[in-house]
$ cat upload-v6.pdb   # PDB, C-alpha atoms
ATOM      1  CA  MET A   6     128.305  87.681  77.626
ATOM      2  CA  ASN A   7     126.095  89.341  75.008
ATOM      3  CA  ARG A   8     123.903  91.577  77.199
ATOM      4  CA  ARG A   9     120.426  92.358  75.887
ATOM      5  CA  LEU A  10     119.224  94.188  79.003
ATOM      6  CA  HIS A  11     120.806  97.362  80.328
ATOM      7  CA  VAL A  12     119.951  98.690  83.782
ATOM      8  CA  ARG A  13     119.559 102.273  84.910
ATOM      9  CA  HIS A  14     119.008 102.691  88.651
ATOM     10  CA  SER A  15     116.462 105.205  89.911
ATOM     11  CA  ALA A  16     116.858 107.499  92.911
ATOM     12  CA  ILE A  17     114.796 105.009  94.948
ATOM     13  CA  ARG A  18     116.826 101.996  96.015
ATOM     14  CA  HIS A  19     115.924  98.771  94.185
ATOM     15  CA  VAL A  20     113.659 100.430  91.582
ATOM     16  CA  ALA A  21     115.354 100.083  88.217
ATOM     17  CA  VAL A  22     114.671 100.876  84.589
ATOM     18  CA  VAL A  23     115.541  98.024  82.262
ATOM     19  CA  GLU A  24     116.351  99.052  78.705
ATOM     20  CA  ARG A  25     116.304  96.409  76.028
ATOM     21  CA  THR A  26     118.608  96.015  73.077
ATOM     22  CA  VAL A  27     116.411  95.619  70.019
ATOM     23  CA  VAL A  28     117.918  93.785  67.071
ATOM     24  CA  SER A  29     116.262  94.672  63.752
ATOM     25  CA  ASP A  30     116.632  93.565  60.176
ATOM     26  CA  SER A  31     114.465  93.333  57.068
ATOM     27  CA  ARG A  32     112.220  90.705  58.711
ATOM     28  CA  GLY A  33     111.373  92.817  61.765
ATOM     29  CA  CYS A  34     112.906  92.859  65.234
ATOM     30  CA  PHE A  35     113.763  90.848  68.334
ATOM     31  CA  ALA A  36     114.039  91.957  71.978
ATOM     32  CA  ARG A  37     114.488  89.942  75.155
ATOM     33  CA  LEU A  38     111.738  90.633  77.704
ATOM     34  CA  PHE A  39     113.276  88.796  80.675
ATOM     35  CA  CYS A  40     116.665  87.277  81.468
ATOM     36  CA  GLU A  41     117.130  85.744  84.905
ATOM     37  CA  GLN A  42     120.920  85.883  84.679
ATOM     38  CA  GLU A  43     121.035  89.579  83.754
ATOM     39  CA  LEU A  44     118.374  90.651  86.287
ATOM     40  CA  LEU A  45     119.958  88.739  89.176
ATOM     41  CA  ALA A  46     122.460  91.590  89.598
ATOM     42  CA  ILE A  47     119.630  94.035  90.418
ATOM     43  CA  GLY A  48     117.779  91.792  92.834
ATOM     44  CA  TRP A  49     115.502  89.489  90.824
ATOM     45  CA  ASN A  50     116.351  86.292  92.684
ATOM     46  CA  LYS A  51     113.123  84.317  92.375
ATOM     47  CA  PRO A  52     111.537  82.366  89.549
ATOM     48  CA  ILE A  53     108.741  83.924  87.542
ATOM     49  CA  ALA A  54     105.513  82.758  89.175
ATOM     50  CA  GLN A  55     103.067  84.484  86.813
ATOM     51  CA  VAL A  56     103.083  86.406  83.559
ATOM     52  CA  ASN A  57     100.067  88.679  83.195
ATOM     53  CA  TYR A  58      98.701  90.827  80.392
ATOM     54  CA  SER A  59      96.547  93.927  80.558
ATOM     55  CA  TYR A  60      94.760  95.924  77.888
ATOM     56  CA  THR A  61      93.476  99.449  78.515
ATOM     57  CA  ALA A  62      91.350 101.037  75.812
ATOM     58  CA  LYS A  63      91.265 104.723  76.703
ATOM     59  CA  ARG A  64      93.988 107.356  77.004
ATOM     60  CA  GLY A  65      94.150 108.951  80.466
ATOM     61  CA  THR A  66      93.007 105.836  82.370
ATOM     62  CA  ILE A  67      94.638 105.233  85.750
ATOM     63  CA  ARG A  68      95.114 101.736  87.169
ATOM     64  CA  GLY A  69      96.486 101.208  90.671
ATOM     65  CA  LEU A  70      98.196 101.839  92.998
ATOM     66  CA  HIS A  71      98.321  98.164  94.119
ATOM     67  CA  PHE A  72     100.679  96.171  96.337
ATOM     68  CA  GLN A  73     100.836  92.830  98.153
ATOM     69  CA  HIS A  74     101.320  92.549 101.922
ATOM     70  CA  PRO A  75     103.769  89.919 103.231
ATOM     71  CA  PRO A  76     103.971  87.002 102.979
ATOM     72  CA  ALA A  77     102.721  87.525  99.417
ATOM     73  CA  GLY A  78     105.150  90.308  98.480
ATOM     74  CA  GLU A  79     106.167  90.287  94.841
ATOM     75  CA  MET A  80     108.590  91.807  92.414
ATOM     76  CA  LYS A  81     107.245  92.927  89.033
ATOM     77  CA  LEU A  82     108.892  93.622  85.724
ATOM     78  CA  VAL A  83     106.420  95.745  83.746
ATOM     79  CA  SER A  84     106.746  96.138  79.971
ATOM     80  CA  CYS A  85     104.596  98.089  77.534
ATOM     81  CA  ILE A  86     104.209  96.237  74.250
ATOM     82  CA  ARG A  87     101.658  98.589  72.641
ATOM     83  CA  GLY A  88     101.039 102.280  73.211
ATOM     84  CA  ARG A  89     102.496 104.410  76.012
ATOM     85  CA  VAL A  90     102.099 104.560  79.809
ATOM     86  CA  TRP A  91     103.368 106.602  82.756
ATOM     87  CA  ASP A  92     104.379 103.746  85.077
ATOM     88  CA  VAL A  93     104.684 104.523  88.800
ATOM     89  CA  ALA A  94     106.307 102.700  91.742
ATOM     90  CA  VAL A  95     105.635 103.982  95.291
ATOM     91  CA  ASP A  96     107.790 102.868  98.226
ATOM     92  CA  VAL A  97     105.548 101.465 100.978
ATOM     93  CA  ARG A  98     108.355  99.649 102.860
ATOM     94  CA  ALA A  99     108.150 100.277 106.596
ATOM     95  CA  GLY A 100     111.248 102.066 107.813
ATOM     96  CA  SER A 101     112.577 102.800 104.337
ATOM     97  CA  PRO A 102     114.432 106.110 103.938
ATOM     98  CA  THR A 103     112.344 106.693 100.784
ATOM     99  CA  PHE A 104     109.004 105.714 102.382
ATOM    100  CA  LEU A 105     106.063 107.050 100.296
ATOM    101  CA  GLN A 106     108.366 108.469  97.616
ATOM    102  CA  TRP A 107     107.639 107.483  94.038
ATOM    103  CA  HIS A 108     109.466 106.987  90.762
ATOM    104  CA  ALA A 109     107.822 107.062  87.336
ATOM    105  CA  GLU A 110     108.964 106.195  83.831
ATOM    106  CA  GLU A 111     107.349 106.425  80.462
ATOM    107  CA  LEU A 112     107.182 102.919  79.027
ATOM    108  CA  SER A 113     106.257 102.461  75.393
ATOM    109  CA  GLU A 114     106.420 100.031  72.549
ATOM    110  CA  ASP A 115     108.994 102.358  70.970
ATOM    111  CA  ASN A 116     111.425 103.006  73.835
ATOM    112  CA  GLY A 117     111.860  99.360  74.889
ATOM    113  CA  ARG A 118     111.957 100.165  78.604
ATOM    114  CA  ALA A 119     110.605  98.103  81.472
ATOM    115  CA  LEU A 120     110.271  99.057  85.127
ATOM    116  CA  LEU A 121     111.526  96.658  87.790
ATOM    117  CA  ILE A 122     109.376  97.124  90.889
ATOM    118  CA  PRO A 123     110.650  95.383  94.034
ATOM    119  CA  GLU A 124     108.693  93.882  96.917
ATOM    120  CA  GLY A 125     107.252  96.532  99.197
ATOM    121  CA  PHE A 126     106.213  98.907  96.426
ATOM    122  CA  ALA A 127     102.792  99.901  95.154
ATOM    123  CA  HIS A 128     102.402  99.975  91.383
ATOM    124  CA  GLY A 129     100.102 101.854  89.048
ATOM    125  CA  PHE A 130     100.060 103.545  85.691
ATOM    126  CA  GLN A 131      98.282 106.087  83.514
ATOM    127  CA  THR A 132      97.785 105.426  79.831
ATOM    128  CA  LEU A 133      99.244 108.108  77.558
ATOM    129  CA  SER A 134      97.629 106.674  74.425
ATOM    130  CA  ASP A 135      94.607 104.613  73.480
ATOM    131  CA  ASP A 136      94.860 100.818  73.159
ATOM    132  CA  VAL A 137      97.667 100.112  75.635
ATOM    133  CA  GLU A 138      98.966  96.610  76.278
ATOM    134  CA  LEU A 139     101.252  95.645  79.176
ATOM    135  CA  ILE A 140     103.052  92.422  80.098
ATOM    136  CA  TYR A 141     103.924  91.856  83.770
ATOM    137  CA  CYS A 142     106.361  89.225  85.051
ATOM    138  CA  HIS A 143     105.620  88.498  88.742
ATOM    139  CA  SER A 144     107.825  86.727  91.284
ATOM    140  CA  ALA A 145     104.834  85.468  93.314
ATOM    141  CA  GLN A 146     101.311  84.232  92.731
ATOM    142  CA  TYR A 147      98.537  86.790  93.124
ATOM    143  CA  ALA A 148      97.031  86.512  96.618
ATOM    144  CA  PRO A 149      93.826  88.604  96.858
ATOM    145  CA  GLN A 150      93.687  88.206 100.650
ATOM    146  CA  HIS A 151      97.045  90.066 100.883
ATOM    147  CA  GLU A 152      96.281  92.858  98.427
ATOM    148  CA  GLY A 153      96.521  96.494  99.432
ATOM    149  CA  GLY A 154      96.123  99.746  97.600
ATOM    150  CA  LEU A 155      96.743 103.457  97.760
ATOM    151  CA  TRP A 156      94.456 106.182  96.467
ATOM    152  CA  PRO A 157      96.187 107.436  93.300
ATOM    153  CA  PHE A 158      95.325 111.086  94.066
ATOM    154  CA  ASP A 159      96.503 111.088  97.675
ATOM    155  CA  PRO A 160      98.070 114.506  98.401
ATOM    156  CA  ARG A 161     100.555 112.825 100.729
ATOM    157  CA  LEU A 162     101.978 110.984  97.701
ATOM    158  CA  ALA A 163     101.539 113.841  95.213
ATOM    159  CA  VAL A 164     102.070 111.592  92.190
ATOM    160  CA  ALA A 165     102.473 113.856  89.152
ATOM    161  CA  TRP A 166     100.038 112.164  86.803
ATOM    162  CA  PRO A 167     100.800 113.671  83.392
ATOM    163  CA  MET A 168      97.192 114.350  82.367
ATOM    164  CA  ARG A 169      93.675 114.593  83.748
ATOM    165  CA  HIS A 170      92.364 111.080  84.313
ATOM    166  CA  THR A 171      89.578 109.873  82.034
ATOM    167  CA  ASP A 172      88.764 106.585  83.759
ATOM    168  CA  ILE A 173      89.515 104.685  86.963
ATOM    169  CA  SER A 174      87.929 101.559  88.417
ATOM    170  CA  ASP A 175      85.482 101.884  91.307
ATOM    171  CA  ARG A 176      87.859  99.783  93.404
ATOM    172  CA  ASP A 177      90.888 102.028  92.756
ATOM    173  CA  ALA A 178      88.856 105.209  93.277
ATOM    174  CA  ALA A 179      87.614 103.847  96.624
ATOM    175  CA  PHE A 180      91.064 103.489  98.202
ATOM    176  CA  THR A 181      91.273 106.005 101.034
ATOM    177  CA  GLN A 182      93.902 108.613 101.785
ATOM    178  CA  ILE A 183      96.906 107.413 103.718
ATOM    179  CA  GLY A 184      96.274 107.887 107.417
ATOM    180  CA  GLN A 185      98.871 109.070 109.909
ATOM    181  CA  ASN A 186      98.946 105.537 111.354
ATOM    182  CA  PHE A 187     100.030 103.908 108.070
ATOM    183  CA  GLN A 188     103.486 102.540 108.802
ATOM    184  CA  GLY A 189     103.960 100.689 105.519
ATOM    185  CA  VAL A 190     104.574  97.004 104.893
ATOM    186  CA  ALA A 191     107.268  94.808 106.416
ATOM    187  CA  TRP A 192     110.003  93.820 104.014
TER     188      TRP A 192
END
$ encode --input "upload-v6.pdb" --output "structure tokens"
Amino acid sequence: MNRRLHVRHSAIRHVAVVERTVVSDSRGCFARLFCEQELLAIGWNKPIAQVNYSYTAKRGTIRGLHFQHPPAGEMKLVSCIRGRVWDVAVDVRAGSPTFLQWHAEELSEDNGRALLIPEGFAHGFQTLSDDVELIYCHSAQYAPQHEGGLWPFDPRLAVAWPMRHTDISDRDAAFTQIGQNFQGVAW
């Protein structure tokens, strides 16, 4: 099989970096964004339910950290098609040996990487350039009644955001610190 996607596993089980093979010639280039057959080996075993797009204008903006409670848990494959982001996945799986640990990757239009974020993880990012565009493949429909979030600056998480934030939504800024009673989400 002619593989177009290459997987690098992170230190957190099920979080994976997907690197694309880009084929270029005088006309331009081609890269595969998603391949069910190739991603099956790393746990993507559901159809794509939604493909979403986001645009963020200003460098330093933080979006997230968002997750879906069961039964609306979802996997995401996040790709940056313009600009650069610091993409973060935080383990919120109850009972996980890596509970509340995070993994981050720089995704950019130039490096061709995507981050595979499994069910039971919160996701967020910080823009490292102006005019950032992301494409998200989701394994489940968005269910606002099952949405949860973590405060991006929670000292218990200690996410190493690469720069001072310049913008954050009121909703994301209003998430509270993780309390001692937070046990995570069932998975």
$ residues_near_point --input "upload-v6.pdb" --point "(105.8, 88.1, 91.8)" --cutoff "9 Å" --atoms "only C-alpha atoms" --output "ChimeraX atom specification"
/A:51-56,77-82,124,142-147
$ residues_around --input "upload-v6.pdb" --residues "Asp172 (chain A)" --least-positions-apart "3" --cutoff "7 Å" --atoms "only C-alpha atoms" --output "short mmCIF file (atom, residue, chain, number, x, y, z; two decimals) with C-alpha atoms, keeping the file's coordinate frame"
data_model
loop_
_atom_site.label_atom_id
_atom_site.label_comp_id
_atom_site.auth_asym_id
_atom_site.auth_seq_id
_atom_site.Cartn_x
_atom_site.Cartn_y
_atom_site.Cartn_z
CA GLY A 65 94.15 108.95 80.47
CA THR A 66 93.01 105.84 82.37
CA ILE A 67 94.64 105.23 85.75
#
$ closest_residue --input "upload-v6.pdb" --among "A:Ala148, A:Val28, A:Leu155, A:Val90" --to "Pro75 (chain A)" --atoms "all atoms listed in the file"
A:Ala148
$ resolve_selection --input "upload-v6.pdb" --expression "the PyMOL selection byres ((chain A and resi 181) around 12)" --output "list in words"
Leu70, Gly153, Gly154, Leu155, Trp156, Pro157, Phe158, Asp159, Pro160, Arg161, Arg176, Asp177, Ala178, Ala179, Phe180, Gln182, Ile183, Gly184 and Phe187 of chain A
$ resolve_selection --input "upload-v6.pdb" --expression "the PyMOL selection byres ((chain A and resi 40-42) around 12)" --output "MDAnalysis selection string"
chainID A and resid 6:11 23 25 36:39 43:53 82 142 144
$ write_last_selection --input "upload-v6.pdb" --atoms "C-alpha atoms" --output "mmCIF file, in the coordinates of the input"
data_model
loop_
_atom_site.group_PDB
_atom_site.id
_atom_site.type_symbol
_atom_site.label_atom_id
_atom_site.label_comp_id
_atom_site.auth_asym_id
_atom_site.auth_seq_id
_atom_site.Cartn_x
_atom_site.Cartn_y
_atom_site.Cartn_z
ATOM 1 C CA MET A 6 128.305 87.681 77.626
ATOM 2 C CA ASN A 7 126.095 89.341 75.008
ATOM 3 C CA ARG A 8 123.903 91.577 77.199
ATOM 4 C CA ARG A 9 120.426 92.358 75.887
ATOM 5 C CA LEU A 10 119.224 94.188 79.003
ATOM 6 C CA HIS A 11 120.806 97.362 80.328
ATOM 7 C CA VAL A 23 115.541 98.024 82.262
ATOM 8 C CA ARG A 25 116.304 96.409 76.028
ATOM 9 C CA ALA A 36 114.039 91.957 71.978
ATOM 10 C CA ARG A 37 114.488 89.942 75.155
ATOM 11 C CA LEU A 38 111.738 90.633 77.704
ATOM 12 C CA PHE A 39 113.276 88.796 80.675
ATOM 13 C CA GLU A 43 121.035 89.579 83.754
ATOM 14 C CA LEU A 44 118.374 90.651 86.287
ATOM 15 C CA LEU A 45 119.958 88.739 89.176
ATOM 16 C CA ALA A 46 122.460 91.590 89.598
ATOM 17 C CA ILE A 47 119.630 94.035 90.418
ATOM 18 C CA GLY A 48 117.779 91.792 92.834
ATOM 19 C CA TRP A 49 115.502 89.489 90.824
ATOM 20 C CA ASN A 50 116.351 86.292 92.684
ATOM 21 C CA LYS A 51 113.123 84.317 92.375
ATOM 22 C CA PRO A 52 111.537 82.366 89.549
ATOM 23 C CA ILE A 53 108.741 83.924 87.542
ATOM 24 C CA LEU A 82 108.892 93.622 85.724
ATOM 25 C CA CYS A 142 106.361 89.225 85.051
ATOM 26 C CA SER A 144 107.825 86.727 91.284
#
$ resolve_selection --input "upload-v6.pdb" --expression "the PyMOL selection byres ((chain A and resi 129-140) around 7)" --output "PDB file with C-alpha atoms, in the coordinates of the input"
ATOM      1  CA  VAL A  56     103.083  86.406  83.559  1.00  0.00           C
ATOM      2  CA  ASN A  57     100.067  88.679  83.195  1.00  0.00           C
ATOM      3  CA  TYR A  58      98.701  90.827  80.392  1.00  0.00           C
ATOM      4  CA  SER A  59      96.547  93.927  80.558  1.00  0.00           C
ATOM      5  CA  TYR A  60      94.760  95.924  77.888  1.00  0.00           C
ATOM      6  CA  THR A  61      93.476  99.449  78.515  1.00  0.00           C
ATOM      7  CA  ALA A  62      91.350 101.037  75.812  1.00  0.00           C
ATOM      8  CA  LYS A  63      91.265 104.723  76.703  1.00  0.00           C
ATOM      9  CA  ARG A  64      93.988 107.356  77.004  1.00  0.00           C
ATOM     10  CA  GLY A  65      94.150 108.951  80.466  1.00  0.00           C
ATOM     11  CA  THR A  66      93.007 105.836  82.370  1.00  0.00           C
ATOM     12  CA  ILE A  67      94.638 105.233  85.750  1.00  0.00           C
ATOM     13  CA  ARG A  68      95.114 101.736  87.169  1.00  0.00           C
ATOM     14  CA  GLY A  69      96.486 101.208  90.671  1.00  0.00           C
ATOM     15  CA  LEU A  70      98.196 101.839  92.998  1.00  0.00           C
ATOM     16  CA  HIS A  71      98.321  98.164  94.119  1.00  0.00           C
ATOM     17  CA  VAL A  83     106.420  95.745  83.746  1.00  0.00           C
ATOM     18  CA  SER A  84     106.746  96.138  79.971  1.00  0.00           C
ATOM     19  CA  CYS A  85     104.596  98.089  77.534  1.00  0.00           C
ATOM     20  CA  ILE A  86     104.209  96.237  74.250  1.00  0.00           C
ATOM     21  CA  ARG A  87     101.658  98.589  72.641  1.00  0.00           C
ATOM     22  CA  GLY A  88     101.039 102.280  73.211  1.00  0.00           C
ATOM     23  CA  ARG A  89     102.496 104.410  76.012  1.00  0.00           C
ATOM     24  CA  VAL A  90     102.099 104.560  79.809  1.00  0.00           C
ATOM     25  CA  TRP A  91     103.368 106.602  82.756  1.00  0.00           C
ATOM     26  CA  ASP A  92     104.379 103.746  85.077  1.00  0.00           C
ATOM     27  CA  VAL A  93     104.684 104.523  88.800  1.00  0.00           C
ATOM     28  CA  ALA A  94     106.307 102.700  91.742  1.00  0.00           C
ATOM     29  CA  ALA A 127     102.792  99.901  95.154  1.00  0.00           C
ATOM     30  CA  HIS A 128     102.402  99.975  91.383  1.00  0.00           C
ATOM     31  CA  TYR A 141     103.924  91.856  83.770  1.00  0.00           C
ATOM     32  CA  CYS A 142     106.361  89.225  85.051  1.00  0.00           C
TER      33      CYS A 142
END
$ residues_near_point --input "upload-v6.pdb" --point "(105.5, 103.0, 99.5)" --cutoff "9 Å" --atoms "only C-alpha atoms" --output "list in words"
Phe72, Ala94, Val95, Asp96, Val97, Arg98, Ala99, Ser101, Thr103, Phe104, Leu105, Gln106, Trp107, Gly125, Phe126, Ala127, Leu155, Leu162, Gly189 and Val190 of chain A
$ atom_distance --input "upload-v6.pdb" --atom1 "CA of His151 (chain A)" --atom2 "CA of Ala119 (chain A)"
25.0 Å
$ atom_distance --input "upload-v6.pdb" --atom1 "CA of Gly100 (chain A)" --atom2 "CA of His14 (chain A)"
20.7 Å
$ decode --input "upload-v6.pdb" --residues "region 79-138 of chain A" --atoms "C-alpha atoms" --output "short mmCIF file (atom, residue, chain, number, x, y, z; two decimals), in the first residue's frame"
data_model
loop_
_atom_site.label_atom_id
_atom_site.label_comp_id
_atom_site.auth_asym_id
_atom_site.auth_seq_id
_atom_site.Cartn_x
_atom_site.Cartn_y
_atom_site.Cartn_z
CA GLU A 79 -15.51 12.35 20.01
CA MET A 80 -12.19 11.81 18.34
CA LYS A 81 -10.68 14.74 16.43
CA LEU A 82 -8.04 14.96 13.76
CA VAL A 83 -6.84 18.58 13.77
CA SER A 84 -4.91 20.02 10.82
CA CYS A 85 -3.50 23.50 10.29
CA ILE A 86 -3.87 24.61 6.69
CA ARG A 87 -2.67 28.21 7.14
CA GLY A 88 -0.31 29.69 9.71
CA ARG A 89 0.98 27.97 12.85
CA VAL A 90 -0.56 26.76 16.12
CA TRP A 91 0.51 25.11 19.38
CA ASP A 92 -2.11 22.35 19.55
CA VAL A 93 -2.80 20.77 22.96
CA ALA A 94 -4.56 17.57 24.07
CA VAL A 95 -5.26 17.06 27.80
CA ASP A 96 -6.21 13.64 29.18
CA VAL A 97 -9.47 13.92 31.14
CA ARG A 98 -10.23 10.16 31.15
CA ALA A 99 -11.29 8.97 34.59
CA GLY A 100 -8.84 6.41 35.92
CA SER A 101 -6.27 6.99 33.19
CA PRO A 102 -2.62 6.66 34.25
CA THR A 103 -1.97 9.95 32.40
CA PHE A 104 -4.99 11.78 33.86
CA LEU A 105 -4.59 15.59 33.46
CA GLN A 106 -1.32 15.23 31.55
CA TRP A 107 -1.06 17.03 28.24
CA HIS A 108 0.72 16.70 24.92
CA ALA A 109 1.29 19.56 22.48
CA GLU A 110 2.53 19.79 18.91
CA GLU A 111 3.22 22.65 16.59
CA LEU A 112 0.96 22.25 13.58
CA SER A 113 1.55 24.42 10.54
CA GLU A 114 0.84 24.69 6.87
CA ASP A 115 4.53 23.93 6.30
CA ASN A 116 5.12 20.87 8.50
CA GLY A 117 2.08 18.87 7.33
CA ARG A 118 1.32 17.49 10.79
CA ALA A 119 -2.06 16.76 12.31
CA LEU A 120 -2.89 15.81 15.89
CA LEU A 121 -5.18 12.85 16.54
CA ILE A 122 -7.07 13.52 19.77
CA PRO A 123 -9.02 10.55 21.16
CA GLU A 124 -12.27 10.50 23.12
CA GLY A 125 -11.79 11.62 26.70
CA PHE A 126 -9.38 14.44 25.90
CA ALA A 127 -9.79 18.20 26.09
CA HIS A 128 -8.47 20.14 23.11
CA GLY A 129 -7.23 23.68 22.66
CA PHE A 130 -4.63 25.68 20.82
CA GLN A 131 -2.68 28.93 20.75
CA THR A 132 -2.02 30.69 17.48
CA LEU A 133 1.67 31.28 16.75
CA SER A 134 0.97 33.50 13.74
CA ASP A 135 -1.76 35.79 12.48
CA ASP A 136 -4.47 34.47 10.14
CA VAL A 137 -4.60 30.82 11.22
CA GLU A 138 -6.94 28.31 9.61
#
